[in-house]
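Student: Next up is a structure, given as structure tokens.
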Amino acid sequence: MTIRVPIVENILNANDRLAEENRARIESAGVFSINIMASPGAGKTSLIEQTLPRLKDKLRVAVVDGDIATSIDADRAANAGAQAAIQVNTGGDCHLDAVMLRGALEQLDLNQFDLLIVENVGNLVCPSSFKLGTHKSILIASIPEGDDKPYKYPGMYRGVDALVINKIDLLPYVPFKMDYFKHGVEVLNPGVLTFPLSAKTGEGMDAWVEWIIKNVDGIRSE
Amino acid sequence: MHELAVTQSILDIALRHAQEADAKRITSINLVVGEFASIVDDSVQFYWDLLAEDTIAKGAQLRFERIVGEMTCTHCQNSFHPQELDFACPNCGSQFVQITKGDEFRVDSIDVE
């Protein structure tokens with residue numbers, strides 16, 4: 001005899017629960033944490049490289065770098081001034097998940113840091129589904145990717161707390177309708193905090209860095 | 001794209017509930033998946049056949065209830081299916097719209113013996 005067992009459970013529930021555990025661990029150490037997501041080549045590592053020197057002598061920063069293989073990104077973060085840089089190779093997986101971040105956190109003495117930057121695998125689809133437990137999710141969109149990306153990758157644009165628009169120095173050279181782009185963003189994520197900047201020229205970096213420092217101060221004063 | 005991880009999660013949920021129900025075999029898994037959840041049914045089925053092989057869920061049928069994505073205009077309250085690369089309301093042309101359906105991503109029930 002067949003019986004129907006009602007369940008109604010979100011499929012990624014197990015990951016979500018682990019993400020909550022990660023968050024508790026990060027919070028108990030008084031660390032502010034961000035998860036940076038973007039397509040390959042949008043400038044995740046470059047943004048981190050440009051951010052770290054601006055935080056020098058102010059914040060102690062740990063970077064966790066997710067990549068399918070190689071430790072190039074973690075090496076770049078270490079060279080740019082991260083006090084700790086941990087590479088997580090996903091071995092083919094297209095995203096970081098809460099289990100992988102937990103493994104990385106176990107290698108860190110979180111009490112030694114003020115800021116945790118997680119650089120996710122370059123991908124505009126999968127990372128949005130897997131919560132890690134960080135305080136804020138950041139998406140980097142870059143001008144050469146094109147202005148239609150919010151329409152093509154709505155899941156990614158919907159879930160983030162802040163949007164960095166990188167490579168604005170290229171606006172004069174590539175067709176990119178900012179109004180069209182921003183409308184797509186506004187529908188998917190009304191009022192989302194936006195940082196237009198160029199990690200190359202440094203334009204706009206101050207506002208981004210100030211926002212990070214403000215958030216770290218907020219966590220410290222809790 | 002991430003169907004292997006998703007399929008493993010579905011299997012874990014199904015096996016846990018089957019055990020609680022003292023089931024000997026799982027015959028079907030009923031999933032509710034919204035259009036915006038970016039999951040490929042065939043790919044989940046492919047991984048399922050591999051992952052469920054040595055479990056009481058072997059041979060279980062995966063049934064996907066697909067929920068069509070829907071946006072609602074905050075101006076005229078019209079509900080519509082978004083057109084490709086354009087989210088404007090087809091009724092009044094307003095750009096102020098919200099996603100109201102299509103995020104679903106859950107195991108609704110399992111059928112067991």
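Residue numbering restarts at 1 in every chain; chains get A, B, ... in the order shown in the structure tokens, and ligands count up from 1 in that same order.
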Go through chain B and flag each residue having an atom no more than 10 Å from chain A; for those, report the closest pair of atoms plus their distance in Å to one decimal, using only C-alpha atoms, ordered by chain and rising number, as CSV.

Tutor:
```
residue,atom,partner,partner_atom,distance
B:Met1,CA,A:Cys126,CA,6.5
B:His2,CA,A:Cys126,CA,6.1
B:Glu3,CA,A:Cys126,CA,9.5
B:Leu4,CA,A:Asp93,CA,9.1
B:Ala5,CA,A:Leu12,CA,8.9
B:Val6,CA,A:Ile11,CA,6.9
B:Thr7,CA,A:Ile11,CA,8.7
B:Gln8,CA,A:Ile11,CA,9.4
B:Ser9,CA,A:Ile11,CA,6.0
B:Ile10,CA,A:Ile11,CA,5.8
B:Leu11,CA,A:Ile11,CA,9.4
B:Asp12,CA,A:Ala14,CA,9.0
B:Ile13,CA,A:Ile11,CA,7.6
B:Ala14,CA,A:Ile7,CA,8.5
B:His17,CA,A:Ile7,CA,7.5
B:Ala18,CA,A:Val5,CA,7.9
B:Glu20,CA,A:Val5,CA,9.8
B:Ala21,CA,A:Val5,CA,7.6
B:Ala23,CA,A:Ile3,CA,9.0
B:Arg25,CA,A:Thr2,CA,9.3
B:Ile26,CA,A:Thr2,CA,9.0
B:Thr27,CA,A:Thr2,CA,8.0
B:Ser28,CA,A:Arg4,CA,9.1
B:Ile29,CA,A:Arg4,CA,9.6
B:Asn30,CA,A:Pro6,CA,9.4
B:Leu31,CA,A:Val8,CA,9.0
B:Val32,CA,A:Val8,CA,9.0
B:Val33,CA,A:Ile11,CA,9.8
B:Phe36,CA,A:Gly155,CA,6.8
B:Ala37,CA,A:Gly155,CA,7.6
B:Ser38,CA,A:Val125,CA,7.8
B:Ile39,CA,A:Cys126,CA,9.8
B:Met71,CA,A:Val187,CA,9.8
B:Pro82,CA,A:Tyr151,CA,9.8
B:Gln83,CA,A:Tyr151,CA,9.6
B:Glu84,CA,A:Tyr151,CA,7.4
B:Leu85,CA,A:Tyr151,CA,5.1
B:Asp86,CA,A:Tyr151,CA,7.0
B:Phe87,CA,A:Gly184,CA,7.2
B:Ala88,CA,A:Val187,CA,9.1
B:Gln95,CA,A:His183,CA,7.5
B:Phe96,CA,A:Val187,CA,6.5
B:Val97,CA,A:Val187,CA,6.0
B:Gln98,CA,A:Val187,CA,6.3
B:Ile99,CA,A:Leu188,CA,7.5
B:Asp103,CA,A:Gly155,CA,8.9
B:Glu104,CA,A:Asn10,CA,8.4
B:Phe105,CA,A:Asn10,CA,6.0
B:Arg106,CA,A:Asn10,CA,4.2
B:Val107,CA,A:Glu9,CA,5.4
B:Asp108,CA,A:Val8,CA,4.2
B:Ser109,CA,A:Pro6,CA,4.2
B:Ile110,CA,A:Val5,CA,5.2
B:Asp111,CA,A:Arg4,CA,4.3
B:Val112,CA,A:Ile3,CA,5.3
B:Glu113,CA,A:Thr2,CA,4.7
```

Student: I'd like the contact shell of region 170-179 of chain A - 7 Å cut-off, only C-alpha atoms, skipping same-chain residues fewer than 3 positions apart - returned as a list of chain:residue names.

Tutor: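 Near neighbours after the sequence-gap exclusion: A:Ile143, A:Pro144, A:Gly146, A:Asp147, A:Lys167, A:Lys182, A:His183.
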
Student: Rounded to one decimal in Å, what is the spacing between CA of Phe113 (chain A) and CA of Ile26 (chain A)?

Tutor: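 Separation between CA of Phe113 (chain A) and CA of Ile26 (chain A): 10.0 Å.
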
Student: Between CA of Arg54 (chain A) and CA of Thr194 (chain A), measure the distance and give it in Å to one decimal.

Tutor: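 Separating CA of Arg54 (chain A) from CA of Thr194 (chain A) is a distance of 19.3 Å.
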
Student: Can you pull out every residue from chain B that DSSP, working from the backbone, puts in strand (DSSP E or B), and format the result as a VMD selection string?

Tutor: chain B and resid 26 to 34 61 to 67 70 to 73 79 to 80 83 86 97 to 101 105 to 112

Student: Just how far from CA of Asp169 (chain A) is CA of Glu145 (chain A), in Å to one decimal?

Tutor: 13.6 Å

Student: Write down as a PyMOL selection string the residues belonging to region 8-94 of chain B that are assigned alpha helix (DSSP H) by DSSP computed on the backbone.

Tutor: chain B and resi 8-20+41-51

Student: With N, CA and C atoms retained, export the selected residues as a PDB file, in the first residue's frame.

Tutor:
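Contents of the output file part-v6.pdb:
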```pdb
ATOM      1  N   GLN B   8      21.388  15.642  -4.138  1.00  0.00           N
ATOM      2  CA  GLN B   8      21.783  15.031  -2.860  1.00  0.00           C
ATOM      3  C   GLN B   8      20.888  15.540  -1.731  1.00  0.00           C
ATOM      4  N   SER B   9      20.581  16.820  -1.748  1.00  0.00           N
ATOM      5  CA  SER B   9      19.708  17.386  -0.710  1.00  0.00           C
ATOM      6  C   SER B   9      18.303  16.783  -0.774  1.00  0.00           C
ATOM      7  N   ILE B  10      17.798  16.621  -1.987  1.00  0.00           N
ATOM      8  CA  ILE B  10      16.455  16.031  -2.155  1.00  0.00           C
ATOM      9  C   ILE B  10      16.455  14.612  -1.582  1.00  0.00           C
ATOM     10  N   LEU B  11      17.501  13.851  -1.918  1.00  0.00           N
ATOM     11  CA  LEU B  11      17.592  12.465  -1.448  1.00  0.00           C
ATOM     12  C   LEU B  11      17.672  12.429   0.082  1.00  0.00           C
ATOM     13  N   ASP B  12      18.486  13.297   0.667  1.00  0.00           N
ATOM     14  CA  ASP B  12      18.635  13.325   2.124  1.00  0.00           C
ATOM     15  C   ASP B  12      17.286  13.605   2.807  1.00  0.00           C
ATOM     16  N   ILE B  13      16.563  14.578   2.270  1.00  0.00           N
ATOM     17  CA  ILE B  13      15.262  14.932   2.853  1.00  0.00           C
ATOM     18  C   ILE B  13      14.294  13.747   2.737  1.00  0.00           C
ATOM     19  N   ALA B  14      14.253  13.135   1.554  1.00  0.00           N
ATOM     20  CA  ALA B  14      13.324  12.025   1.312  1.00  0.00           C
ATOM     21  C   ALA B  14      13.634  10.837   2.229  1.00  0.00           C
ATOM     22  N   LEU B  15      14.921  10.502   2.358  1.00  0.00           N
ATOM     23  CA  LEU B  15      15.298   9.330   3.177  1.00  0.00           C
ATOM     24  C   LEU B  15      14.983   9.579   4.657  1.00  0.00           C
ATOM     25  N   ARG B  16      15.237  10.811   5.086  1.00  0.00           N
ATOM     26  CA  ARG B  16      14.974  11.133   6.507  1.00  0.00           C
ATOM     27  C   ARG B  16      13.487  10.985   6.828  1.00  0.00           C
ATOM     28  N   HIS B  17      12.651  11.515   5.951  1.00  0.00           N
ATOM     29  CA  HIS B  17      11.205  11.429   6.218  1.00  0.00           C
ATOM     30  C   HIS B  17      10.675  10.002   6.038  1.00  0.00           C
ATOM     31  N   ALA B  18      11.269   9.247   5.110  1.00  0.00           N
ATOM     32  CA  ALA B  18      10.841   7.862   4.893  1.00  0.00           C
ATOM     33  C   ALA B  18      11.160   7.031   6.133  1.00  0.00           C
ATOM     34  N   GLN B  19      12.317   7.300   6.726  1.00  0.00           N
ATOM     35  CA  GLN B  19      12.714   6.566   7.928  1.00  0.00           C
ATOM     36  C   GLN B  19      11.760   6.872   9.085  1.00  0.00           C
ATOM     37  N   GLU B  20      11.429   8.156   9.219  1.00  0.00           N
ATOM     38  CA  GLU B  20      10.491   8.553  10.283  1.00  0.00           C
ATOM     39  C   GLU B  20       9.141   7.885  10.103  1.00  0.00           C
ATOM     40  N   ASP B  41      15.346  19.703 -14.864  1.00  0.00           N
ATOM     41  CA  ASP B  41      14.727  18.449 -14.427  1.00  0.00           C
ATOM     42  C   ASP B  41      15.530  17.218 -14.848  1.00  0.00           C
ATOM     43  N   ASP B  42      15.917  17.161 -16.118  1.00  0.00           N
ATOM     44  CA  ASP B  42      16.596  15.980 -16.645  1.00  0.00           C
ATOM     45  C   ASP B  42      17.913  15.725 -15.917  1.00  0.00           C
ATOM     46  N   SER B  43      18.561  16.825 -15.550  1.00  0.00           N
ATOM     47  CA  SER B  43      19.844  16.702 -14.889  1.00  0.00           C
ATOM     48  C   SER B  43      19.666  16.153 -13.467  1.00  0.00           C
ATOM     49  N   VAL B  44      18.621  16.599 -12.776  1.00  0.00           N
ATOM     50  CA  VAL B  44      18.330  16.067 -11.442  1.00  0.00           C
ATOM     51  C   VAL B  44      18.023  14.569 -11.553  1.00  0.00           C
ATOM     52  N   GLN B  45      17.245  14.198 -12.562  1.00  0.00           N
ATOM     53  CA  GLN B  45      16.894  12.781 -12.775  1.00  0.00           C
ATOM     54  C   GLN B  45      18.157  11.947 -13.009  1.00  0.00           C
ATOM     55  N   PHE B  46      19.070  12.487 -13.778  1.00  0.00           N
ATOM     56  CA  PHE B  46      20.322  11.787 -14.091  1.00  0.00           C
ATOM     57  C   PHE B  46      21.109  11.498 -12.807  1.00  0.00           C
ATOM     58  N   TYR B  47      21.268  12.537 -11.979  1.00  0.00           N
ATOM     59  CA  TYR B  47      22.015  12.348 -10.723  1.00  0.00           C
ATOM     60  C   TYR B  47      21.249  11.449  -9.763  1.00  0.00           C
ATOM     61  N   TRP B  48      19.935  11.563  -9.806  1.00  0.00           N
ATOM     62  CA  TRP B  48      19.099  10.755  -8.923  1.00  0.00           C
ATOM     63  C   TRP B  48      19.370   9.272  -9.129  1.00  0.00           C
ATOM     64  N   ASP B  49      19.404   8.883 -10.404  1.00  0.00           N
ATOM     65  CA  ASP B  49      19.599   7.460 -10.718  1.00  0.00           C
ATOM     66  C   ASP B  49      20.923   6.958 -10.137  1.00  0.00           C
ATOM     67  N   LEU B  50      21.919   7.818 -10.100  1.00  0.00           N
ATOM     68  CA  LEU B  50      23.220   7.434  -9.526  1.00  0.00           C
ATOM     69  C   LEU B  50      23.183   7.431  -7.999  1.00  0.00           C
ATOM     70  N   LEU B  51      22.675   8.517  -7.418  1.00  0.00           N
ATOM     71  CA  LEU B  51      22.747   8.696  -5.962  1.00  0.00           C
ATOM     72  C   LEU B  51      21.816   7.757  -5.203  1.00  0.00           C
TER      73      LEU B  51
END
```

Student: For Lys24 (chain B), which of B:Gln61, B:Thr74, B:Thr100, B:Thr55 is the closest residue, counting only C-alpha atoms?

Tutor: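 Counting only C-alpha atoms, the residue closest to Lys24 (chain B) is B:Thr55.
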
Student: Excluding Thr51 (chain A) and its own-chain neighbours fewer than 2 positions away, which residues fall within 12 Å of it when counting only C-alpha atoms? Please give them as a ChimeraX atom specification.

Tutor: /A:43-49,53-56,58-59,61,63,77,80-82,115,117,197-200,202,204-213

Student: With only C-alpha atoms as the counted atoms, please give the residues lying no more than 10 Å from Gly91 (chain A), apart from itself and same-chain residues fewer than 3 positions off, as a list in words.

Tutor: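 In the requested form, the answer reads Asp67, Ile68, Ala69, Thr70, Val88 and Cys94 of chain A.
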
Student: Please write the residues from the selection above to a file, keeping N, CA and C atoms, as an mmCIF file, in the first residue's frame.

Tutor:
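Contents of out05.cif, as written:
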```cif
data_model
loop_
_atom_site.group_PDB
_atom_site.id
_atom_site.type_symbol
_atom_site.label_atom_id
_atom_site.label_comp_id
_atom_site.auth_asym_id
_atom_site.auth_seq_id
_atom_site.Cartn_x
_atom_site.Cartn_y
_atom_site.Cartn_z
ATOM 1 N N ASP A 67 37.613 28.730 -5.594
ATOM 2 C CA ASP A 67 37.898 28.559 -7.011
ATOM 3 C C ASP A 67 37.838 27.081 -7.331
ATOM 4 N N ILE A 68 37.633 26.782 -8.594
ATOM 5 C CA ILE A 68 37.545 25.381 -8.995
ATOM 6 C C ILE A 68 38.908 24.711 -8.782
ATOM 7 N N ALA A 69 39.973 25.417 -9.126
ATOM 8 C CA ALA A 69 41.338 24.931 -8.893
ATOM 9 C C ALA A 69 42.259 26.139 -8.799
ATOM 10 N N THR A 70 43.493 25.924 -8.478
ATOM 11 C CA THR A 70 44.563 26.929 -8.352
ATOM 12 C C THR A 70 44.404 27.814 -7.104
ATOM 13 N N VAL A 88 39.959 27.815 -1.083
ATOM 14 C CA VAL A 88 39.082 26.646 -1.070
ATOM 15 C C VAL A 88 38.925 26.208 -2.519
ATOM 16 N N CYS A 94 30.557 24.571 -8.915
ATOM 17 C CA CYS A 94 30.429 25.897 -9.515
ATOM 18 C C CYS A 94 30.146 26.985 -8.491
#
```
